[in-house]
Every structure is written in structure tokens, then in C-alpha cells.
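Visitor: What follows is the file start29.csv, containing CSV, C-alpha atoms:
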chain,number,residue,atom,x,y,z
A,1,MET,CA,21.4,29.6,-46.1
A,2,VAL,CA,22.1,30.4,-42.6
A,3,ASN,CA,22.9,27.6,-40.2
A,4,ALA,CA,21.1,28.3,-37.0
A,5,LYS,CA,22.7,25.4,-35.2
A,6,PRO,CA,24.9,26.7,-32.3
A,7,THR,CA,28.6,25.7,-32.5
A,8,ASN,CA,30.0,23.5,-29.9
A,9,SER,CA,33.1,25.7,-29.2
A,10,PRO,CA,34.0,25.6,-25.5
A,11,LEU,CA,35.2,29.2,-25.5
A,12,PRO,CA,31.8,31.0,-25.0
A,13,GLN,CA,31.0,28.6,-22.2
A,14,LEU,CA,34.3,29.1,-20.6
A,15,ALA,CA,34.0,32.9,-20.8
A,16,PHE,CA,30.5,32.7,-19.3
A,17,ARG,CA,31.8,30.5,-16.4
A,18,LEU,CA,34.7,32.8,-15.7
A,19,THR,CA,32.4,35.8,-15.6
A,20,LEU,CA,30.0,34.0,-13.3
A,21,THR,CA,32.9,33.0,-11.0
A,22,MET,CA,34.1,36.6,-10.9
A,23,ILE,CA,30.7,37.9,-10.0
A,24,LEU,CA,30.3,35.3,-7.3
A,25,LEU,CA,33.7,36.0,-5.9
A,26,LEU,CA,33.2,39.7,-5.9
A,27,GLY,CA,29.7,39.6,-4.6
A,28,SER,CA,30.1,37.1,-1.9
A,29,GLN,CA,30.5,38.1,1.7
A,30,THR,CA,34.2,37.7,2.4
A,31,ILE,CA,35.9,36.9,5.7
A,32,ILE,CA,37.6,39.9,7.1
A,33,CYS,CA,41.2,39.3,8.0
A,34,GLU,CA,43.2,41.5,10.2
A,35,GLU,CA,45.5,42.6,7.3
A,36,ASP,CA,42.5,43.6,5.2
A,37,LEU,CA,41.2,46.1,7.6
A,38,PRO,CA,42.0,49.8,7.1
A,39,PHE,CA,43.9,51.5,9.9
A,40,GLY,CA,42.0,52.0,13.1
A,41,TYR,CA,42.5,51.1,16.7
A,42,VAL,CA,42.8,48.1,18.9
A,43,ILE,CA,40.9,47.3,22.0
A,44,SER,CA,42.2,44.6,24.4
A,45,SER,CA,40.8,43.3,27.7
A,46,GLU,CA,40.5,40.2,29.8
A,47,SER,CA,36.9,39.6,28.7
A,48,ALA,CA,34.1,41.0,26.6
A,49,ILE,CA,30.3,40.7,26.3
A,50,ILE,CA,28.4,41.1,23.1
A,51,SER,CA,24.8,42.3,23.7
A,52,LYS,CA,21.8,40.5,22.4
A,53,ASN,CA,21.0,43.2,19.8
A,54,LEU,CA,24.7,43.1,18.7
A,55,LYS,CA,24.9,46.9,19.0
A,56,THR,CA,27.0,47.1,22.2
A,57,ILE,CA,30.2,45.3,23.2
A,58,THR,CA,31.4,45.7,26.8
A,59,TYR,CA,35.1,45.0,27.5
A,60,LEU,CA,36.1,44.2,31.1
A,61,GLY,CA,39.3,44.0,33.0
A,62,LYS,CA,42.6,45.8,32.2
A,63,VAL,CA,41.1,47.5,29.2
A,64,LYS,CA,43.4,49.2,26.7
A,65,LEU,CA,42.4,51.3,23.6
A,66,GLU,CA,45.5,51.7,21.4
A,67,HIS,CA,45.4,54.3,18.7
A,68,GLU,CA,48.3,55.6,16.5
A,69,ARG,CA,48.2,58.8,18.5
A,70,PHE,CA,46.8,57.9,21.9
A,71,LEU,CA,46.4,55.2,24.5
A,72,ILE,CA,43.5,55.0,26.9
A,73,ARG,CA,43.5,52.6,29.8
A,74,GLY,CA,40.6,51.7,32.2
A,75,GLU,CA,38.6,48.9,33.7
A,76,LYS,CA,35.5,48.8,31.6
A,77,LEU,CA,35.0,49.9,28.0
A,78,THR,CA,31.7,50.1,26.3
A,79,ILE,CA,31.5,50.5,22.6
A,80,SER,CA,28.1,51.2,21.0
A,81,TYR,CA,27.0,52.0,17.5
A,82,ASN,CA,24.4,54.5,16.5
A,83,LYS,CA,23.3,55.0,12.9
A,84,ASP,CA,23.4,58.8,13.1
A,85,LYS,CA,26.1,59.4,15.7
A,86,GLY,CA,28.5,56.7,14.7
A,87,ARG,CA,30.6,54.8,17.3
A,88,ASN,CA,30.7,56.0,20.8
A,89,ILE,CA,33.3,54.6,23.2
A,90,SER,CA,33.2,55.0,27.0
A,91,ILE,CA,36.0,53.9,29.2
A,92,VAL,CA,35.5,53.9,33.0
A,93,GLY,CA,38.3,53.3,35.5
A,94,ASN,CA,39.5,54.3,38.9
A,95,PRO,CA,40.8,56.5,37.3
A,96,SER,CA,40.9,56.0,33.5
A,97,SER,CA,44.1,57.3,31.9
A,98,PHE,CA,44.9,58.9,28.6
A,99,GLU,CA,48.3,59.4,26.9
A,100,GLY,CA,48.6,61.2,23.6
A,101,THR,CA,50.8,63.2,21.3
A,102,SER,CA,49.8,66.4,19.6
A,103,ARG,CA,50.3,66.1,15.9
A,104,ARG,CA,50.9,69.9,15.5
A,105,ASN,CA,53.5,70.7,18.1
A,106,LYS,CA,54.5,67.1,19.1
A,107,SER,CA,53.8,67.9,22.7
A,108,ASN,CA,52.7,65.2,25.0
A,109,ILE,CA,49.3,65.2,26.7
A,110,SER,CA,48.4,63.0,29.6
A,111,ALA,CA,45.1,63.0,31.5
A,112,ARG,CA,43.1,61.0,34.0
A,113,ALA,CA,39.4,61.1,34.8
A,114,ASN,CA,36.7,58.8,36.1
A,115,GLU,CA,35.3,58.3,32.6
A,116,ILE,CA,36.7,59.0,29.2
A,117,ILE,CA,34.3,59.2,26.2
A,118,TYR,CA,35.5,59.1,22.6
A,119,GLU,CA,33.0,60.2,20.0
A,120,GLU,CA,34.5,58.9,16.8
A,121,LEU,CA,32.6,61.0,14.2
A,122,THR,CA,33.4,64.3,15.9
A,123,GLN,CA,36.8,63.3,17.0
A,124,LEU,CA,36.0,64.5,20.5
A,125,LEU,CA,37.3,63.2,23.8
A,126,VAL,CA,35.3,64.0,26.8
A,127,PHE,CA,36.9,63.6,30.3
A,128,LYS,CA,34.3,63.3,33.1
A,129,GLY,CA,34.8,63.4,36.8
A,130,ASN,CA,37.9,64.5,38.7
A,131,THR,CA,39.7,65.3,35.5
A,132,ILE,CA,43.4,66.3,35.5
A,133,ILE,CA,45.1,67.2,32.2
A,134,ASN,CA,48.8,67.8,31.8
A,135,ARG,CA,50.3,69.4,28.6
A,136,ASN,CA,53.9,70.6,28.4
A,137,GLY,CA,54.0,71.0,32.2
A,138,ASP,CA,50.8,73.0,32.4
A,139,LYS,CA,48.0,71.4,34.4
A,140,LEU,CA,44.3,71.7,34.1
A,141,GLU,CA,41.9,70.4,36.8
A,142,ALA,CA,38.2,70.4,36.3
A,143,THR,CA,35.1,68.2,36.7
A,144,SER,CA,34.7,67.8,32.9
A,145,VAL,CA,37.0,68.6,30.0
A,146,ASP,CA,36.5,68.4,26.2
A,147,TYR,CA,39.5,67.7,24.0
A,148,ASN,CA,39.1,67.9,20.3
A,149,LEU,CA,41.6,65.6,18.6
A,150,SER,CA,41.3,67.4,15.2
A,151,SER,CA,41.8,70.9,16.4
A,152,GLN,CA,43.8,70.1,19.5
A,153,ALA,CA,41.5,72.5,21.4
A,154,ILE,CA,40.9,71.8,25.1
A,155,SER,CA,37.9,73.4,26.8
A,156,ALA,CA,36.5,73.1,30.3
A,157,ILE,CA,33.3,74.5,31.7
A,158,SER,CA,32.4,74.5,35.4
A,159,LYS,CA,28.7,73.9,35.9
A,160,GLU,CA,26.7,75.1,38.8
A,161,GLY,CA,27.5,73.1,41.9
A,162,GLU,CA,30.8,71.9,40.5
A,163,GLY,CA,34.2,73.0,41.8
A,164,PRO,CA,36.1,75.7,40.0
A,165,ILE,CA,38.4,75.1,37.1
A,166,ARG,CA,42.1,75.2,38.1
A,167,LEU,CA,44.8,76.0,35.7
A,168,ILE,CA,48.4,75.7,36.8
A,169,ILE,CA,50.8,77.2,34.3
A,170,LYS,CA,54.4,76.1,34.4
A,171,SER,CA,56.9,78.8,35.1
A,172,LEU,CA,59.1,79.9,32.1
A,173,GLN,CA,62.3,79.8,34.3
B,174,MET,CA,7.8,-2.4,2.3
B,175,ASN,CA,7.3,-5.6,4.1
B,176,SER,CA,6.2,-5.9,7.7
B,177,ALA,CA,9.6,-6.9,9.0
B,178,GLY,CA,11.2,-3.8,7.5
B,179,VAL,CA,8.6,-1.6,9.1
B,180,PHE,CA,9.2,-3.3,12.4
B,181,ILE,CA,13.0,-2.7,12.3
B,182,LYS,CA,12.5,1.0,11.5
B,183,ILE,CA,10.0,1.4,14.3
B,184,GLY,CA,12.4,-0.4,16.6
B,185,LEU,CA,15.4,1.7,15.7
B,186,PHE,CA,13.5,4.9,15.9
B,187,THR,CA,12.4,3.9,19.4
B,188,ILE,CA,16.0,3.3,20.3
B,189,LEU,CA,17.0,6.7,19.0
B,190,CYS,CA,14.2,8.4,20.9
B,191,THR,CA,15.0,6.5,24.1
B,192,THR,CA,18.6,7.5,24.1
B,193,ASN,CA,17.9,11.1,22.9
B,194,PRO,CA,14.4,11.6,24.3
B,195,ASN,CA,14.0,15.1,22.8
B,196,LEU,CA,15.1,14.3,19.3
B,197,PHE,CA,12.6,13.2,16.7
B,198,SER,CA,13.8,12.4,13.2
B,199,ASN,CA,11.2,13.5,10.7
B,200,GLU,CA,13.3,13.0,7.6
B,201,THR,CA,15.2,9.8,7.0
B,202,SER,CA,16.1,9.0,3.5
B,203,GLN,CA,18.1,5.9,4.3
B,204,LEU,CA,18.4,3.8,7.4
B,205,SER,CA,20.7,0.8,7.9
B,206,GLN,CA,21.9,-1.3,10.8
B,207,ASN,CA,25.4,-2.6,10.0
B,208,LYS,CA,26.0,-4.1,13.3
B,209,VAL,CA,23.6,-5.0,16.2
B,210,ASP,CA,24.9,-2.1,18.3
B,211,GLU,CA,25.1,0.6,15.6
B,212,VAL,CA,22.5,2.6,13.7
B,213,SER,CA,23.3,4.6,10.6
B,214,LEU,CA,21.1,7.3,9.0
B,215,THR,CA,21.8,9.5,6.1
B,216,ASN,CA,20.4,13.0,5.4
B,217,VAL,CA,18.9,13.3,8.8
B,218,LYS,CA,16.8,16.1,10.2
B,219,LEU,CA,16.2,16.1,14.0
B,220,ASP,CA,13.8,18.5,15.6
B,221,SER,CA,13.7,19.3,19.3
B,222,PHE,CA,10.6,20.8,20.8
B,223,SER,CA,10.0,22.6,24.1
B,224,GLN,CA,7.4,21.4,26.6
B,225,GLU,CA,5.1,24.0,25.1
B,226,GLY,CA,5.5,22.4,21.7
B,227,ASN,CA,7.7,25.1,20.2
B,228,LEU,CA,10.5,24.1,17.9
B,229,GLU,CA,13.7,25.0,19.8
B,230,LEU,CA,16.4,23.2,17.9
B,231,GLU,CA,16.7,21.9,14.4
B,232,LEU,CA,19.6,19.7,13.5
B,233,GLU,CA,20.4,18.5,10.0
B,234,ALA,CA,23.4,16.3,9.0
B,235,THR,CA,24.6,14.4,6.0
B,236,SER,CA,24.9,11.3,8.1
B,237,LEU,CA,24.3,10.1,11.7
B,238,ARG,CA,25.9,7.0,13.2
B,239,GLN,CA,24.7,6.0,16.6
B,240,ASP,CA,26.4,3.6,19.0
B,241,VAL,CA,23.3,2.0,20.6
B,242,SER,CA,25.2,0.8,23.6
B,243,SER,CA,26.6,4.2,24.6
B,244,GLY,CA,23.8,6.2,23.0
B,245,GLU,CA,26.4,8.5,21.4
B,246,SER,CA,25.6,9.7,17.9
B,247,HIS,CA,28.3,10.8,15.4
B,248,LEU,CA,27.3,13.4,12.8
B,249,THR,CA,28.9,14.5,9.5
B,250,ASN,CA,28.3,18.1,8.3
B,251,PRO,CA,25.9,19.0,11.1
B,252,ARG,CA,23.9,22.2,10.7
B,253,LEU,CA,22.1,23.5,13.7
B,254,LYS,CA,19.4,26.2,13.9
B,255,LEU,CA,18.2,27.6,17.2
B,256,GLU,CA,15.8,30.2,18.2
B,257,THR,CA,16.5,31.2,21.7
B,258,PRO,CA,15.5,33.5,23.3
B,259,SER,CA,12.4,33.9,21.1
B,260,GLY,CA,13.3,36.0,18.0
B,261,THR,CA,17.0,35.4,18.3
B,262,LEU,CA,18.2,33.1,15.5
B,263,TRP,CA,21.4,31.2,15.6
B,264,SER,CA,22.9,29.1,12.8
B,265,ILE,CA,25.8,26.8,13.5
B,266,ASN,CA,27.6,24.4,11.2
B,267,SER,CA,30.8,22.3,11.3
B,268,GLN,CA,32.5,19.3,9.7
B,269,ILE,CA,31.6,16.8,12.3
B,270,GLY,CA,29.6,16.5,15.5
B,271,THR,CA,28.7,14.2,18.4
B,272,ILE,CA,25.5,14.0,20.4
B,273,SER,CA,25.6,12.4,23.8
B,274,THR,CA,23.4,12.3,26.8
B,275,ARG,CA,24.6,12.0,30.4
B,276,ALA,CA,22.3,10.0,32.7
B,277,SER,CA,21.3,13.0,34.8
B,278,ASN,CA,22.9,16.1,36.3
B,279,PRO,CA,22.5,17.0,40.0
B,280,ASP,CA,19.1,18.5,39.3
B,281,GLY,CA,17.9,15.1,38.1
B,282,ILE,CA,17.6,16.2,34.4
B,283,SER,CA,19.3,14.2,31.7
B,284,ASP,CA,22.0,16.5,30.2
B,285,GLN,CA,22.2,16.5,26.5
B,286,ARG,CA,25.5,17.6,24.9
B,287,ILE,CA,26.1,18.4,21.2
B,288,GLU,CA,29.7,18.9,20.4
B,289,LEU,CA,30.6,20.3,17.0
B,290,SER,CA,34.2,20.4,15.6
B,291,GLY,CA,36.1,21.3,12.5
B,292,ASN,CA,35.6,24.7,10.9
B,293,VAL,CA,32.8,25.7,13.2
B,294,LEU,CA,30.8,28.7,12.0
B,295,ILE,CA,28.3,30.3,14.3
B,296,SER,CA,26.2,33.1,12.9
B,297,ARG,CA,23.6,35.4,14.2
B,298,ARG,CA,21.6,38.0,12.3
B,299,THR,CA,19.3,40.6,13.9
B,300,ASP,CA,16.1,42.0,12.5
B,301,GLU,CA,18.0,45.2,11.7
B,302,GLY,CA,20.4,43.3,9.5
B,303,LEU,CA,23.4,43.3,11.9
B,304,VAL,CA,25.4,40.1,11.5
B,305,VAL,CA,28.0,38.5,13.7
B,306,GLU,CA,30.0,35.5,12.6
B,307,ILE,CA,32.1,33.5,15.0
B,308,ARG,CA,34.6,30.9,13.8
B,309,GLY,CA,36.5,28.3,15.8
B,310,ASP,CA,37.6,24.7,16.0
B,311,ASN,CA,34.9,23.5,18.4
B,312,PHE,CA,31.6,24.3,19.9
B,313,ILE,CA,29.7,22.5,22.7
B,314,LEU,CA,26.0,23.1,23.2
B,315,PHE,CA,23.9,22.1,26.2
B,316,PRO,CA,20.4,22.6,24.9
B,317,LYS,CA,18.6,22.0,28.2
B,318,ARG,CA,20.9,24.3,30.1
B,319,GLN,CA,20.5,26.9,27.4
B,320,TYR,CA,24.3,27.3,27.4
B,321,ALA,CA,27.1,26.8,24.9
B,322,GLU,CA,30.9,27.2,25.0
B,323,THR,CA,34.1,26.7,23.0
B,324,LEU,CA,37.2,25.2,24.5
B,325,SER,CA,39.6,27.0,22.1
B,326,SER,CA,40.2,30.4,20.6
B,327,VAL,CA,37.6,32.1,18.4
B,328,THR,CA,37.5,34.8,15.8
B,329,VAL,CA,34.5,37.1,15.7
B,330,ASN,CA,33.5,39.2,12.7
B,331,SER,CA,31.0,42.0,13.0
B,332,GLY,CA,30.8,44.9,10.7
B,333,ASN,CA,34.4,46.1,10.2
B,334,ASN,CA,35.5,44.8,13.6
B,335,LEU,CA,37.6,41.7,14.0
B,336,THR,CA,37.9,40.2,17.5
B,337,THR,CA,40.0,37.4,18.6
B,338,ALA,CA,39.4,35.7,22.0
B,339,GLY,CA,40.8,32.7,23.9
B,340,LYS,CA,37.3,31.2,24.6
B,341,LEU,CA,33.7,31.9,24.2
B,342,SER,CA,30.4,31.1,26.0
B,343,ILE,CA,26.8,31.9,25.1
B,344,ASP,CA,24.0,32.4,27.5
B,345,LEU,CA,21.1,31.3,25.2
B,346,ARG,CA,18.5,32.4,27.7
B,347,LEU,CA,19.7,36.0,27.4
B,348,GLY,CA,21.1,35.8,23.9
B,349,ARG,CA,24.4,37.1,25.2
B,350,VAL,CA,27.9,36.2,24.0
B,351,GLU,CA,30.8,36.3,26.4
B,352,LEU,CA,34.4,36.3,25.2
B,353,GLY,CA,37.3,35.4,27.5
B,354,SER,CA,41.0,35.3,27.5
B,355,ASN,CA,43.2,32.3,28.2
B,356,SER,CA,46.9,31.8,29.0
B,357,GLY,CA,47.8,35.4,28.5
B,358,ASN,CA,45.9,35.9,25.3
B,359,TYR,CA,43.6,38.8,25.8
B,360,VAL,CA,40.4,39.6,24.0
B,361,LYS,CA,41.5,41.8,21.1
B,362,THR,CA,39.4,43.8,18.8
B,363,LYS,CA,40.7,45.6,15.7
B,364,ILE,CA,38.4,48.4,14.6
B,365,SER,CA,38.7,50.4,11.4
B,366,GLU,CA,38.1,54.1,11.8
B,367,LEU,CA,35.0,55.6,10.3
B,368,LYS,CA,36.7,58.9,9.5
B,369,GLU,CA,40.3,59.9,8.6
B,370,TRP,CA,41.7,62.8,10.6
The structure in this file should be written as C-alpha cells.

Guide:
Amino acid sequence: MVNAKPTNSPLPQLAFRLTLTMILLLGSQTIICEEDLPFGYVISSESAIISKNLKTITYLGKVKLEHERFLIRGEKLTISYNKDKGRNISIVGNPSSFEGTSRRNKSNISARANEIIYEELTQLLVFKGNTIINRNGDKLEATSVDYNLSSQAISAISKEGEGPIRLIIKSLQ
Amino acid sequence: MNSAGVFIKIGLFTILCTTNPNLFSNETSQLSQNKVDEVSLTNVKLDSFSQEGNLELELEATSLRQDVSSGESHLTNPRLKLETPSGTLWSINSQIGTISTRASNPDGISDQRIELSGNVLISRRTDEGLVVEIRGDNFILFPKRQYAETLSSVTVNSGNNLTTAGKLSIDLRLGRVELGSNSGNYVKTKISELKEW
């Protein structure tokens, strides 16, 4: 005869409780701590405004964007998130400045422009308005310049009505 | 319930409403008057309505103790819910809180002040599922002025971003959160990158 009465052993109950606790712990929304975040970049400023729709944050006053490979300074930084395009960062200043190091040839690049846009997904930096870029002593002046951080390619196009592109190459002597 | 008990309850409710004219308790599980000048309530829910009759603020607390002479109410485990501007929901909770009402501000309007302290958590969720969570040690809400602020530093979690700031203020009319720096501590956001390169 089979005894259908369940045993009063605490082990199955304990195992069930432990499993439930693990599920709850893993499934619950955890608080993000600075140490938990994967590497990225840091934005600092005197103040910031989070928009009503939570999609845009505007940083104001002595703004700095510090990345492992570059540093951008300006007066106003706007970061917005788009589902398809990812994060877009615009830094405006008088002027905004950029300092970076090329990963390939370890050369230093510095730039200034009225506005610097960083498109995170495409790794593209766009310098807009009175742009001056210095790399290894060479100087590029243009209204707008694109700098691809992945390929290290710099391109400038002069549109109709804009001033010519000026490239000053450092003498080899 | 005898008629004297009913009388006391009506009397105390009137005192509460007189000192906090916009608060109406609609759920009182236990009411006691330990001293003449003190009112204690447990498991309270206080609703505040706009002049148009819309529910603007909902406050729940494990207990409420009011000093009748000063009109100040002390709360334990307060939980606040606000919808301002319309469609923007705020949820705020903390360990303790205080409700006080200043006689009147220069505009002639009595100024209500709700101060929450101890593990304050302010959260907001948009229709699209975006969530922002703000943590701090204190939070002061002025419902009539549609304004709120903190006096100490805060941590803001949104997505994979973590922001620290010296102080915070909220314009509830616009649903806008402003973060500020204090004594050399800048607003600082750490952002994890979407793509390795």
C-alpha cells in the first residue's frame, strides 16, 4: 500500500524557497552602481535638465565629455536618444574644443568648432562652424569637418556659399 | 459606534481639514487622541483635489501624527503619487515625512510643504516605458507652487546612465527635472557605450 501522505521534510520547502529567492533576485530591477557599468564616458557640468519625455538631457556650464580616447569641452551639451539612431550628443561652445589621440599612429589631434556632434552608433564626430583641426602639425580649416573615430578618416566638404577648405601642411624640414 | 465616538471623529477630521484644507482622509483604519493637542492616525490615505475636482496628489502612510497646535503632521513610510502635468506620473516614497502649512505666502495663498526624508525614491515612467529613478536623503514638495526640491545630493538612474548631482529641483508644471552642483561637486553622468570600437 502506497502512503500518499506527504512527508514533512523541510528540504523540498527549503529548495523551493531558495529557487524562488534566486528568481526574485535575478529578475528584480537592480540599482545601477558606478562600478557595475561597462566602460563608457563621463559628462560633467554645472547643471543639467532632464526633459519631460526623459529622452533628452541638457548639460549647461563648463561642460566636459571625457572618453578614454578624447576630451570635448563646451558650454552646452545635449544628449538625446533615438531608437534607430542611438545616442546623439551635441556640444556647443564659443568655441567647443576637442582633444584626442589616434589609436593607430598615436598622433595627437586637436580641434575647435562652434558645435561638435558625436554620433555614437556610427562613431562619427562632426565639427560644425569655423572648424580648425590640427594633426601632427598639419592644419585643416573648413566650415564643417567629419572625423570617423573608427577609421581615423577626416573629410571636409565645402558647400555652396561657404568659404574654401584650407589645408596647411607642416614643412618636413 | 456610540454618538460620542462619532462626534470625536468628526471633530478631529474637521481639525485636520482646517489645518490642511486640501487634504481629505478617505481611509482611516484607526484614530486615536493620546493627548488633547495630538491626533494619531494609522494606515492613512490623503487625497488632494484641484479646484476642478481632479485628483492631484495622493498620499498614503503607515501612520500620521498631527500636532494640533502647530498643525504639523508627522508621517511614517509616506508614499506619494502625483500626476502633474496631466499624463506625467510621479511616485515618491521615503521612511518619514512632515506636512506643514505656512499661514500665507506674499500672494496670500497658504503654502503647504511636504518634506520627506530617509531613503527617498522618486520615480517617473513615461508611456513609452522610459524610467527614471532618483534617490536621495530628502525631498521637499510644495504642491500649490507645483515645485519640489532636494537640499542634498541625489543619484539619478535612467537606462544605463548614472548621474550624481549636488541638488535637484522639479518644475511640476513643466514636468522638468533640473540638476545642480554644489560646493565644487559638478553634475556628473557616467554613460556606458552602446558599441565597442

Visitor: Give the residues of chain A that lie within 6 Å of chain B; count only C-alpha atoms, and format the answer as a list in words.

Guide: Pro38, Phe39, Gly40, Tyr41, Val42, Ile43, Ser44, Ser45, Glu46, Ser47, Ala48, Ile49, Ile50, Ser51 and Lys52 of chain A

Visitor: Between atom CA of Ala142 of chain A and atom CA of His67 of chain A, what is the distance, to one decimal in Å?

Guide: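 Distance reported for this atom pair: 24.9 Å.
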
Visitor: Taking every listed atom of segment 92-106 of chain A and adding 4 Å to each side, what centre and edge lengths in Å (one decimal) does the axis-aligned box have, as lines of an AutoDock Vina configuration file?

Guide:
center_x = 45.0
center_y = 62.0
center_z = 27.2
size_x = 27.0
size_y = 25.4
size_z = 31.4

Visitor: Taking 2 positions as the minimum chain separation for residues in the same chain, which residues sit within 8 Å of Ser144 of chain A when counting only C-alpha atoms? Answer as a PyMOL selection string.

Guide: chain A and resi 126-131+142+146+156-158

Visitor: Please measure the separation of atom CA of Ile165 of chain A and atom CA of Arg87 of chain A, giving the value in Å to one decimal.

Guide: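 Separation between atom CA of Ile165 of chain A and atom CA of Arg87 of chain A: 29.4 Å.
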
Visitor: Can you tell me how far atom CA of Ile265 of chain B sits from atom CA of Ile287 of chain B, in Å to one decimal?

Guide: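 Atom CA of Ile287 of chain B lies at a distance of 11.4 Å from atom CA of Ile265 of chain B.
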
Visitor: Could you tell me, as an NGL selection string, which residues have any atom at most 9 Å from (29.2, 8.2, 15.3), counting only C-alpha atoms?

Guide: :B and (211-213 or 236-240 or 245-249 or 270-272)

Visitor: Generate the missing atoms of segment 72-93 of chain A up to N, CA and C atoms and report them as a short mmCIF file (atom, residue, chain, number, x, y, z; two decimals), in the frame of the given file.

Guide:
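out-v2.cif written:
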data_model
loop_
_atom_site.label_atom_id
_atom_site.label_comp_id
_atom_site.auth_asym_id
_atom_site.auth_seq_id
_atom_site.Cartn_x
_atom_site.Cartn_y
_atom_site.Cartn_z
N ILE A 72 44.45 54.79 25.78
CA ILE A 72 43.50 55.00 26.90
C ILE A 72 43.49 53.65 27.69
N ARG A 73 43.59 53.76 28.99
CA ARG A 73 43.50 52.60 29.80
C ARG A 73 42.32 52.73 30.82
N GLY A 74 41.69 51.65 31.18
CA GLY A 74 40.60 51.70 32.20
C GLY A 74 40.22 50.30 32.58
N GLU A 75 39.10 50.18 33.27
CA GLU A 75 38.60 48.90 33.70
C GLU A 75 37.45 48.35 32.97
N LYS A 76 36.69 49.27 32.38
CA LYS A 76 35.50 48.80 31.60
C LYS A 76 35.33 49.74 30.40
N LEU A 77 35.21 49.15 29.26
CA LEU A 77 35.00 49.90 28.00
C LEU A 77 33.72 49.45 27.36
N THR A 78 32.89 50.41 27.01
CA THR A 78 31.70 50.10 26.30
C THR A 78 31.67 50.75 24.94
N ILE A 79 31.52 49.97 23.91
CA ILE A 79 31.50 50.50 22.60
C ILE A 79 30.08 50.28 21.99
N SER A 80 29.45 51.36 21.56
CA SER A 80 28.10 51.20 21.00
C SER A 80 28.04 51.93 19.66
N TYR A 81 27.16 51.45 18.84
CA TYR A 81 27.00 52.00 17.50
C TYR A 81 25.67 52.62 17.30
N ASN A 82 25.65 53.87 16.83
CA ASN A 82 24.40 54.50 16.50
C ASN A 82 24.45 54.97 15.05
N LYS A 83 23.38 54.72 14.34
CA LYS A 83 23.30 55.00 12.90
C LYS A 83 23.68 56.45 12.57
N ASP A 84 23.21 57.38 13.38
CA ASP A 84 23.40 58.80 13.10
C ASP A 84 24.72 59.33 13.74
N LYS A 85 24.99 58.86 14.95
CA LYS A 85 26.10 59.40 15.70
C LYS A 85 27.42 58.63 15.53
N GLY A 86 27.34 57.49 14.89
CA GLY A 86 28.50 56.70 14.70
C GLY A 86 28.89 55.92 15.99
N ARG A 87 30.16 55.61 16.11
CA ARG A 87 30.60 54.80 17.30
C ARG A 87 30.86 55.72 18.47
N ASN A 88 30.46 55.26 19.60
CA ASN A 88 30.70 56.00 20.80
C ASN A 88 31.40 55.01 21.80
N ILE A 89 32.52 55.48 22.35
CA ILE A 89 33.30 54.60 23.20
C ILE A 89 33.40 55.25 24.61
N SER A 90 33.06 54.52 25.63
CA SER A 90 33.20 55.00 27.00
C SER A 90 34.09 54.11 27.80
N ILE A 91 35.09 54.72 28.43
CA ILE A 91 36.00 53.90 29.20
C ILE A 91 35.93 54.42 30.69
N VAL A 92 35.63 53.51 31.57
CA VAL A 92 35.50 53.90 33.00
C VAL A 92 36.64 53.20 33.75
N GLY A 93 37.18 53.93 34.72
CA GLY A 93 38.30 53.30 35.50
C GLY A 93 38.39 54.07 36.85
#
